[in-house]
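One file, input.txt, carrying compact mmCIF, C-alpha atoms:
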```
# COMPACT_ATOMS: atom_id res chain seq x y z
CA THR A 20 144.85 81.15 194.02
CA ARG A 21 144.60 84.63 195.51
CA ALA A 22 144.35 87.59 193.15
CA GLY A 23 147.63 88.36 191.46
CA ARG A 24 149.46 85.73 193.48
CA ILE A 25 152.04 83.44 191.91
CA THR A 26 152.84 80.13 193.55
CA LYS A 27 155.17 78.46 191.09
CA LYS A 28 156.85 75.24 192.15
CA ASP A 29 159.37 74.95 189.33
CA MET A 30 162.22 76.39 191.41
CA PRO A 31 163.93 73.60 193.43
CA CYS A 32 162.35 73.24 196.89
CA GLU A 33 165.81 72.91 198.43
CA GLN A 34 166.77 76.30 197.01
CA HIS A 35 163.56 77.83 198.36
CA GLN A 36 164.19 76.35 201.77
CA GLN A 37 167.81 77.46 201.96
CA ARG A 38 166.87 81.10 201.38
CA LEU A 39 163.99 80.90 203.83
CA ASP A 40 166.14 79.29 206.52
CA THR A 41 168.82 81.97 206.11
CA LEU A 42 166.22 84.70 206.32
CA GLN A 43 164.64 83.20 209.42
CA THR A 44 168.01 82.73 211.17
CA LEU A 45 169.04 86.33 210.55
CA ARG A 46 165.63 87.62 211.60
CA ASN A 47 165.83 85.72 214.91
CA GLU A 48 169.40 86.89 215.52
CA PHE A 49 168.45 90.51 214.80
CA THR A 50 165.44 90.28 217.13
CA ASN A 51 167.60 88.91 219.96
CA LEU A 52 170.20 91.67 219.51
CA MET A 53 167.48 94.34 219.50
CA ASN A 54 166.06 92.89 222.72
CA GLU A 55 169.53 93.03 224.26
CA LEU A 56 169.86 96.69 223.22
CA ASN A 57 166.50 97.56 224.75
CA GLU A 58 167.30 95.77 228.02
CA THR A 59 170.87 97.02 228.57
CA GLY A 60 170.84 100.33 226.68
CA LYS A 61 174.10 99.27 225.03
CA MET A 62 174.38 98.44 221.35
CA PRO A 63 175.78 94.94 220.74
CA LYS A 64 178.78 95.13 218.42
CA GLU A 65 177.24 92.56 216.05
CA LEU A 66 173.95 94.48 215.61
CA LEU A 67 174.90 96.62 212.60
CA GLU A 68 176.56 93.72 210.82
CA VAL A 69 173.52 91.46 211.29
CA LYS A 70 171.22 94.27 210.20
CA GLU A 71 173.10 94.61 206.89
CA LYS A 72 173.07 90.84 206.37
CA LEU A 73 169.33 90.81 207.00
CA LYS A 74 168.84 93.58 204.41
CA ASP A 75 170.87 91.61 201.86
CA ALA A 76 168.86 88.46 202.58
CA MET A 77 165.61 90.35 202.07
CA LYS A 78 166.88 91.73 198.74
CA GLU A 79 167.87 88.26 197.63
CA CYS A 80 164.43 86.96 198.52
CA GLU A 81 162.79 89.83 196.67
CA SER A 82 164.73 89.19 193.46
CA SER A 83 164.70 85.40 193.49
CA LEU A 84 161.49 84.46 195.27
CA ALA A 85 159.14 87.17 194.00
CA PRO A 86 158.58 85.35 190.69
CA HIS A 87 157.52 82.33 192.74
CA PHE A 88 155.79 83.88 195.76
CA GLY A 89 155.04 87.41 194.62
CA GLU A 90 151.96 89.48 194.10
CA TYR A 91 151.09 91.77 191.17
CA VAL A 92 149.81 95.26 191.91
CA PHE A 93 148.92 98.24 189.69
CA SER A 94 150.43 101.70 189.97
CA GLU A 95 148.32 104.82 190.02
CA LYS A 96 146.99 105.90 186.64
CA ILE A 97 149.71 107.60 184.57
CA GLU A 98 148.33 110.72 182.94
CA GLY A 99 149.25 111.94 179.48
CA PHE A 100 147.43 109.65 177.05
CA GLY A 101 143.86 110.74 176.56
CA THR A 102 142.46 108.06 174.26
CA ASP A 103 142.12 104.28 174.00
CA ILE A 104 145.51 102.51 173.93
CA TYR A 105 145.65 99.65 171.43
CA SER A 106 149.38 99.04 171.04
CA ILE A 107 152.44 99.32 173.31
CA LEU A 108 155.91 98.38 172.09
CA GLY A 109 159.34 98.70 173.67
CA LEU A 110 161.92 99.07 170.89
CA ASN A 111 165.43 97.66 170.91
CA ASN A 112 166.89 101.16 171.39
CA GLY A 113 164.89 101.59 174.61
CA THR A 114 162.17 103.82 173.15
CA VAL A 115 158.63 102.89 174.23
CA LEU A 116 155.92 103.66 171.67
CA VAL A 117 152.27 103.88 172.69
CA GLY A 118 149.59 104.15 170.00
CA GLY A 119 145.83 104.35 169.99
CA TYR A 120 142.60 105.94 168.96
CA GLY A 121 142.52 109.11 166.87
CA SER A 122 146.04 108.80 165.39
CA GLU A 123 147.66 109.30 168.79
CA LEU A 124 151.27 108.12 169.06
CA LYS A 125 153.46 109.09 171.99
CA ILE A 126 156.77 108.06 173.51
CA PHE A 127 156.61 106.90 177.12
CA ASN A 128 159.56 107.39 179.45
CA PRO A 129 159.51 104.60 182.10
CA GLN A 130 161.99 106.44 184.34
CA THR A 131 160.05 109.71 184.60
CA LYS A 132 156.68 108.02 183.96
CA THR A 133 155.75 110.71 181.46
CA PHE A 134 154.54 110.86 177.86
CA SER A 135 155.90 112.99 175.05
CA GLU A 136 153.68 115.27 173.02
CA ASN A 137 151.65 113.57 170.31
CA ILE A 138 153.79 112.70 167.28
CA LYS A 139 151.97 113.88 164.18
CA GLY A 140 152.02 112.18 160.81
CA PHE A 141 149.56 109.32 161.16
CA ASP A 142 146.03 110.05 159.98
CA SER A 143 143.91 107.36 161.67
CA THR A 144 143.62 105.07 164.69
CA ILE A 145 146.75 103.02 165.45
CA TYR A 146 146.06 99.35 166.11
CA SER A 147 149.44 97.68 165.66
CA ILE A 148 153.15 98.56 165.96
CA GLN A 149 155.90 96.17 164.86
CA GLU A 150 159.69 96.48 165.02
CA LEU A 151 161.56 94.44 162.43
CA SER A 152 164.97 92.84 162.94
CA ASN A 153 166.65 95.63 160.95
CA GLY A 154 165.20 98.30 163.24
CA ILE A 155 162.43 99.42 160.90
CA VAL A 156 159.26 100.29 162.83
CA LEU A 157 155.90 99.70 161.13
CA VAL A 158 152.78 101.45 162.35
CA GLY A 159 149.44 100.16 161.09
CA GLY A 160 145.84 101.19 161.57
CA GLY A 161 142.88 102.70 159.82
CA GLY A 162 139.71 104.68 159.98
CA GLY A 163 137.11 106.19 157.71
CA GLY A 164 139.66 106.53 154.93
CA GLY A 165 140.65 102.86 154.94
CA GLY A 166 143.87 101.17 155.99
CA GLU A 167 147.08 102.99 156.77
CA LEU A 168 150.64 101.68 157.03
CA ARG A 169 153.66 103.91 157.55
CA ILE A 170 157.29 103.52 158.58
CA PHE A 171 158.26 105.46 161.69
CA ASN A 172 161.81 106.79 161.97
CA THR A 173 162.73 106.60 165.66
CA LYS A 174 165.70 108.96 165.27
CA THR A 175 163.89 111.79 163.52
CA GLN A 176 160.45 110.86 164.92
CA ILE A 177 158.98 111.37 161.46
CA PHE A 178 156.52 109.13 159.59
CA SER A 179 157.04 108.08 155.99
CA GLU A 180 154.42 108.67 153.34
CA LYS A 181 151.52 106.26 153.45
CA ILE A 182 152.48 102.94 151.86
CA GLU A 183 149.90 102.15 149.20
CA GLY A 184 148.49 98.72 148.45
CA PHE A 185 146.30 97.94 151.44
CA SER A 186 142.70 99.15 151.48
CA GLY A 187 141.21 97.73 154.69
CA ASN A 188 141.73 98.94 158.26
CA ILE A 189 144.82 97.17 159.59
CA LEU A 190 144.01 95.41 162.87
CA SER A 191 146.89 92.95 163.15
CA MET A 192 150.46 92.46 161.96
CA GLN A 193 152.91 89.61 162.52
CA THR A 194 156.58 89.67 161.56
CA LEU A 195 157.45 86.27 160.10
CA ASN A 196 160.73 84.39 160.45
CA ASN A 197 161.60 85.15 156.83
CA GLY A 198 161.52 88.91 157.55
CA THR A 199 158.26 89.70 155.78
CA VAL A 200 155.14 90.87 157.62
CA LEU A 201 151.71 89.29 157.49
CA VAL A 202 149.06 92.04 157.63
CA GLY A 203 145.36 91.48 158.32
CA SER A 204 142.39 93.82 158.12
CA TYR A 205 138.83 94.35 159.25
CA GLU A 206 137.68 93.94 155.64
CA ASP A 207 138.75 90.28 155.12
CA GLU A 208 142.06 91.40 153.62
CA LEU A 209 145.30 89.48 154.19
CA LYS A 210 148.54 90.45 152.48
CA ILE A 211 152.28 90.02 152.91
CA PHE A 212 154.34 93.20 153.23
CA ASN A 213 157.93 93.16 152.00
CA PRO A 214 159.99 95.69 154.02
CA GLN A 215 162.83 95.71 151.48
CA THR A 216 160.67 96.68 148.51
CA LYS A 217 158.03 98.41 150.65
CA THR A 218 155.29 96.69 148.69
CA PHE A 219 152.32 94.44 149.41
CA SER A 220 151.52 91.12 147.81
CA GLU A 221 148.20 90.44 146.17
CA ASN A 222 145.36 89.61 148.57
CA ILE A 223 145.63 86.03 149.87
CA GLU A 224 142.32 84.26 149.38
CA GLY A 225 140.81 81.99 152.02
CA CYS A 226 140.10 84.23 154.99
CA ASN A 227 136.65 85.70 154.55
CA THR A 228 136.35 87.44 157.90
CA ALA A 229 137.73 90.38 159.87
CA ILE A 230 141.23 89.38 161.05
CA TYR A 231 141.90 90.20 164.71
CA SER A 232 144.97 88.11 165.52
CA ILE A 233 147.93 86.52 163.70
CA GLN A 234 150.52 84.31 165.37
CA GLU A 235 153.40 82.47 163.72
CA LEU A 236 154.25 79.34 165.71
CA SER A 237 157.71 77.94 166.36
CA SER A 238 156.86 75.16 163.90
CA GLY A 239 156.64 77.70 161.09
CA ILE A 240 152.89 77.67 160.48
CA ALA A 241 150.79 80.75 161.19
CA LEU A 242 147.44 80.80 162.98
CA ILE A 243 144.87 83.42 162.01
CA GLY A 244 141.73 84.21 163.98
CA GLY A 245 138.94 86.69 163.64
CA PHE A 246 135.30 87.64 163.74
CA ASP A 247 133.79 84.33 162.58
CA GLY A 248 135.49 82.21 165.28
CA GLU A 249 137.32 80.00 162.76
CA LEU A 250 140.98 79.24 163.49
CA ARG A 251 142.79 79.16 160.17
CA ILE A 252 146.15 77.50 159.50
CA PHE A 253 148.33 79.37 157.03
CA ASP A 254 151.65 78.27 155.52
CA PRO A 255 153.86 81.35 154.93
CA LYS A 256 156.08 79.37 152.53
CA THR A 257 153.35 78.24 150.15
CA LYS A 258 151.04 81.18 150.98
CA ILE A 259 148.14 78.75 151.21
CA PHE A 260 145.52 78.11 153.89
CA SER A 261 145.63 74.40 154.68
CA GLU A 262 142.82 74.01 157.18
CA ASN A 263 140.04 75.73 159.11
CA ILE A 264 139.69 74.57 162.71
CA GLY A 265 136.21 74.70 164.22
CA GLY A 266 135.28 74.50 167.88
CA PHE A 267 135.47 78.15 168.92
CA ASN A 268 132.03 79.58 169.67
CA TYR A 269 132.69 83.30 169.34
CA SER A 270 135.11 85.72 167.70
CA ILE A 271 138.84 85.07 168.20
CA GLU A 272 140.62 88.14 169.57
CA GLU A 273 144.02 86.83 170.61
CA ILE A 274 146.36 83.92 169.80
CA GLN A 275 149.55 83.39 171.79
CA GLU A 276 152.15 80.61 171.75
CA LEU A 277 153.80 80.17 175.15
CA GLY A 278 157.41 79.24 175.80
CA ASN A 279 156.42 75.66 176.65
CA GLY A 280 154.70 75.23 173.26
CA THR A 281 151.15 75.66 174.56
CA VAL A 282 149.01 77.73 172.17
CA LEU A 283 146.25 79.79 173.80
CA VAL A 284 143.29 81.08 171.79
CA GLY A 285 141.07 83.66 173.49
CA GLY A 286 138.09 85.73 172.53
CA GLU A 287 134.60 86.95 173.12
CA LYS A 288 132.67 86.13 176.33
CA GLY A 289 135.76 84.89 178.14
CA GLU A 290 136.31 81.92 175.86
CA LEU A 291 139.79 80.42 176.16
CA ARG A 292 140.91 77.20 174.52
CA ILE A 293 144.21 75.42 173.95
CA PHE A 294 145.18 74.53 170.39
CA ASN A 295 147.26 71.42 169.82
CA PRO A 296 149.42 72.00 166.71
CA LYS A 297 150.10 68.26 166.31
CA THR A 298 146.51 67.01 166.44
CA ARG A 299 145.12 70.36 165.23
CA ILE A 300 142.31 70.18 167.77
CA LEU A 301 140.99 72.85 170.14
CA SER A 302 140.40 71.89 173.76
CA GLU A 303 137.19 72.41 175.67
CA ASN A 304 136.60 75.95 176.92
CA ILE A 305 138.62 76.74 180.04
CA GLU A 306 136.32 78.42 182.56
CA GLY A 307 137.41 81.24 184.83
CA PHE A 308 137.46 84.44 182.76
CA ASP A 309 134.28 86.48 182.95
CA ASP A 310 134.45 88.92 180.04
CA TRP A 311 135.86 89.45 176.58
CA ILE A 312 139.54 88.43 176.29
CA GLU A 313 141.52 91.11 174.46
CA GLU A 314 145.14 90.32 175.31
CA ILE A 315 147.34 87.37 176.32
CA GLN A 316 150.96 88.04 177.27
CA GLU A 317 153.62 85.70 178.64
CA LEU A 318 156.21 87.48 180.77
CA SER A 319 159.91 86.67 180.96
CA ASN A 320 159.40 84.95 184.35
CA GLY A 321 156.86 82.57 182.80
CA THR A 322 153.76 84.29 184.17
CA VAL A 323 150.88 84.33 181.68
CA LEU A 324 148.64 87.40 181.93
CA VAL A 325 145.18 87.43 180.36
CA GLY A 326 143.39 90.78 180.11
CA GLY A 327 140.10 92.00 178.77
CA GLU A 328 136.89 93.91 179.28
CA LYS A 329 136.01 95.83 182.46
CA GLY A 330 139.62 95.81 183.68
CA GLU A 331 139.70 92.06 184.09
CA LEU A 332 143.25 90.77 184.47
CA ARG A 333 144.08 87.28 185.66
CA ILE A 334 147.08 84.97 185.79
CA PHE A 335 146.67 81.77 183.78
CA ASP A 336 148.49 78.67 185.00
CA SER A 337 149.31 76.60 181.91
CA LYS A 338 150.20 73.57 184.05
CA THR A 339 146.82 73.30 185.77
CA ASN A 340 144.79 75.24 183.16
CA THR A 341 143.29 77.46 185.83
CA PHE A 342 142.90 81.21 186.37
CA SER A 343 143.80 83.25 189.45
CA GLU A 344 141.34 85.62 191.04
CA LYS A 345 141.02 88.98 189.30
CA ILE A 346 143.93 91.37 189.88
CA GLU A 347 142.19 94.53 191.03
CA GLY A 348 143.27 98.04 190.12
CA PHE A 349 142.43 98.62 186.46
CA GLY A 350 139.15 100.42 185.88
CA THR A 351 138.56 100.09 182.13
CA ASP A 352 138.86 97.58 179.28
CA ILE A 353 142.41 96.24 178.84
CA TYR A 354 143.60 96.27 175.22
CA SER A 355 147.37 95.96 175.46
CA ILE A 356 149.96 94.42 177.79
CA HIS A 357 153.68 94.72 177.12
CA GLU A 358 156.78 93.79 179.11
CA LEU A 359 159.90 95.88 178.60
CA SER A 360 163.39 94.35 178.52
CA ASN A 361 163.97 95.48 182.13
CA GLY A 362 160.89 93.60 183.37
CA ILE A 363 158.54 96.58 183.69
CA VAL A 364 155.02 95.60 182.59
CA LEU A 365 152.87 98.27 180.94
CA VAL A 366 149.10 97.93 180.65
CA GLY A 367 146.95 100.09 178.39
CA GLY A 368 143.22 100.35 177.99
CA ASN A 369 140.30 102.69 177.60
CA SER A 370 142.10 106.03 178.23
CA GLU A 371 144.00 104.32 181.05
CA PHE A 372 147.69 103.50 181.36
CA LYS A 373 149.35 101.84 184.36
CA ILE A 374 152.46 99.93 185.41
CA LEU A 375 151.97 96.43 186.77
CA SER A 376 154.61 95.47 189.33
CA LEU A 377 155.52 92.18 190.96
CA THR A 378 155.98 92.83 194.65
CA PHE A 379 157.53 90.58 197.24
CA ASN A 380 155.59 90.13 200.46
CA GLU A 381 157.41 88.19 203.16
CA LYS A 382 154.07 87.18 204.69
CA SER A 383 153.16 85.32 201.49
CA LEU A 384 156.10 82.95 201.88
CA PRO A 385 155.68 79.48 203.34
CA GLU A 386 156.90 79.10 206.90
CA PRO A 387 160.56 78.01 207.22
CA LYS A 388 161.36 74.66 208.75
CA GLU A 389 162.07 74.59 212.44
```
Can you give me the file's structure in the form of structure tokens?
Amino acid sequence: TRAGRITKKDMPCEQHQQRLDTLQTLRNEFTNLMNELNETGKMPKELLEVKEKLKDAMKECESSLAPHFGEYVFSEKIEGFGTDIYSILGLNNGTVLVGGYGSELKIFNPQTKTFSENIKGFDSTIYSIQELSNGIVLVGGGGGGGGELRIFNTKTQIFSEKIEGFSGNILSMQTLNNGTVLVGSYEDELKIFNPQTKTFSENIEGCNTAIYSIQELSSGIALIGGFDGELRIFDPKTKIFSENIGGFNYSIEEIQELGNGTVLVGGEKGELRIFNPKTRILSENIEGFDDWIEEIQELSNGTVLVGGEKGELRIFDSKTNTFSEKIEGFGTDIYSIHELSNGIVLVGGNSEFKILSLTFNEKSLPEPKE
């Protein structure tokens, strides 16, 4: 498919056709009335009414057909964040936190498209931000001084003291269904954080590699991937690793379970495979992504975005297991993609931050029936 183009067929064809036929009828009627105005110099009394109906039909097409026949485009670069962006999170209260290299944490305002001043209180690079169900916000990262985990108070915009008990640089966190948080590090460290007691468990043995991604599946098991390319299955209830899944050639950077149950595993050199939780087997590599995969994000409209090195961003079709052409417009490595509750998609990378928008282009629609 064309770059950034969605051509979903899951919306009923009859519904598609009805909107297209209405649009075409109004467009023809408006054209005829405009021709009459030009020829006679008198405005037909129906012209304004038809014009408003045509506007409404176009708006309806934009809202309902864009997710099926739309095209993604990037905004201009939004200034205000001067370092690499590793984590973007829209909180339940509407606040958007953006964290990255050099302890930089700022609040982004989507309406004004501006950043706040840097919020001080974190001493190292921020790699992961998690909001818990009770509203607690965890910020994790690390640097030369080891791992760092703090609680961020969104009302006062103040960090807690550093929570002791984790020595390695925190690269990934996953909030589990039981309310605890699985925390992984660059130094082969995996622990469970209890938000109520604000304490860590002992190190969980069985993951002797840098941990880049943690994903709890709907079935209750957790998948853990990292530097050595092994996909590990972890049971949060028993706190035991049950199995190591081979078949991934390079480091695993990202694991994402889609709404349809498909589990995507992506990593170095554009490697993308599908994991089957029932058979516990990885598929063959799915070709079509050129560089390192850093991020996989499923949007609320079902679109699956895959981003990575050199600004590569593509749409992955989980029905056909194919990639779109590259969506142009991002100039650096993509590290983070996040969709806000209002549908705005934020993309962060190597000192670059942009909004990705789904636009409706009438020319991209199929021709209406005669």
Check: Need the neighbours of (133.0, 75.2, 165.2): which residues are at most 10 Å away, counting all atoms listed in the file, as a PyMOL selection string?
Finding: chain A and resi 247-250+263-269+301
Check: Just how far from atom CA of Gln316 of chain A is atom CA of His357 of chain A, in Å to one decimal?
Finding: 7.2 Å
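Going from atom CA of Ile223 of chain A over to atom CA of Leu209 of chain A, you cover 5.5 Å.
Distance annotation: of A:Thr114, A:Tyr354, A:Asn128, A:Glu208, the residue with the minimal separation from Gln176 of chain A is A:Thr114; atom set is all atoms listed in the file.
Here atom CA of Val158 of chain A and atom CA of Ile97 of chain A stand 23.3 Å from one another.
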Next item on the list: Give as a PyMOL selection string the set of residues within 10 Å of the point (150.0, 102.9, 181.4), where distances use the file's coordinates and all atoms listed in the file.
Entry: chain A and resi 93-100+104+107+117+127+129+132-134+355-357+364-368+370-375
Dump as a tab-separated table the rows for residues of segment 245-330 of chain A within 6 Å of segment 228-237 of chain A: closest atom pair and distance in Å with one decimal, all atoms listed in the file counted, ordered by chain and rising residue number.
```
residue	atom	partner	partner_atom	distance
A:Gly245	CA	A:Ile230	CA	4.4
A:Phe246	CA	A:Ala229	CA	5.3
A:Glu272	CA	A:Tyr231	CA	5.4
A:Glu273	CA	A:Ser232	CA	5.3
```
Next item on the list: Kindly indicate which residue among A:Lys125, A:Lys174, A:Lys329, A:Lys72 lies nearest to Gln43 of chain A, using all atoms listed in the file for the distances.
Entry: A:Lys72
Got a sec to write segment 291-311 of chain A of the block to a file, N, CA and C atoms, as a short mmCIF file (atom, residue, chain, number, x, y, z; two decimals), in the first residue's frame?
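Listing of result.cif after writing:
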```cif
data_model
loop_
_atom_site.label_atom_id
_atom_site.label_comp_id
_atom_site.auth_asym_id
_atom_site.auth_seq_id
_atom_site.Cartn_x
_atom_site.Cartn_y
_atom_site.Cartn_z
N LEU A 291 10.83 -8.81 12.74
CA LEU A 291 9.49 -8.81 13.32
C LEU A 291 8.89 -10.20 13.17
N ARG A 292 8.47 -10.75 14.28
CA ARG A 292 7.85 -12.08 14.27
C ARG A 292 6.58 -12.06 15.09
N ILE A 293 5.70 -13.02 14.81
CA ILE A 293 4.46 -13.18 15.56
C ILE A 293 4.62 -14.35 16.52
N PHE A 294 4.28 -14.10 17.78
CA PHE A 294 4.34 -15.17 18.79
C PHE A 294 2.95 -15.73 19.02
N ASN A 295 2.84 -17.05 18.98
CA ASN A 295 1.57 -17.72 19.23
C ASN A 295 1.56 -18.21 20.68
N PRO A 296 0.75 -17.58 21.55
CA PRO A 296 0.76 -17.95 22.97
C PRO A 296 0.30 -19.39 23.23
N LYS A 297 -0.52 -19.94 22.30
CA LYS A 297 -1.02 -21.30 22.50
C LYS A 297 0.03 -22.35 22.16
N THR A 298 0.67 -22.18 21.01
CA THR A 298 1.69 -23.15 20.60
C THR A 298 3.07 -22.78 21.13
N ARG A 299 3.19 -21.49 21.56
CA ARG A 299 4.46 -20.95 22.07
C ARG A 299 5.57 -21.07 21.02
N ILE A 300 5.21 -20.67 19.81
CA ILE A 300 6.15 -20.71 18.69
C ILE A 300 6.19 -19.33 18.03
N LEU A 301 7.39 -18.91 17.62
CA LEU A 301 7.56 -17.67 16.86
C LEU A 301 7.46 -17.98 15.37
N SER A 302 6.82 -17.07 14.64
CA SER A 302 6.69 -17.23 13.20
C SER A 302 8.02 -16.96 12.50
N GLU A 303 8.03 -17.16 11.20
CA GLU A 303 9.17 -16.72 10.40
C GLU A 303 9.24 -15.19 10.43
N ASN A 304 10.41 -14.65 10.13
CA ASN A 304 10.56 -13.19 10.10
C ASN A 304 9.66 -12.60 9.02
N ILE A 305 8.98 -11.50 9.36
CA ILE A 305 8.12 -10.81 8.41
C ILE A 305 8.93 -9.69 7.77
N GLU A 306 9.19 -9.79 6.49
CA GLU A 306 10.01 -8.82 5.79
C GLU A 306 9.24 -7.52 5.56
N GLY A 307 10.00 -6.42 5.43
CA GLY A 307 9.35 -5.17 5.06
C GLY A 307 9.76 -3.97 5.89
N PHE A 308 10.52 -4.22 6.98
CA PHE A 308 11.02 -3.12 7.80
C PHE A 308 12.53 -3.12 7.68
N ASP A 309 13.10 -1.96 7.35
CA ASP A 309 14.51 -1.92 6.96
C ASP A 309 15.48 -1.85 8.12
N ASP A 310 15.11 -1.13 9.18
CA ASP A 310 16.06 -0.85 10.26
C ASP A 310 15.54 -1.35 11.60
N TRP A 311 16.29 -1.02 12.60
CA TRP A 311 16.01 -1.44 13.98
C TRP A 311 14.60 -1.02 14.41
#
```
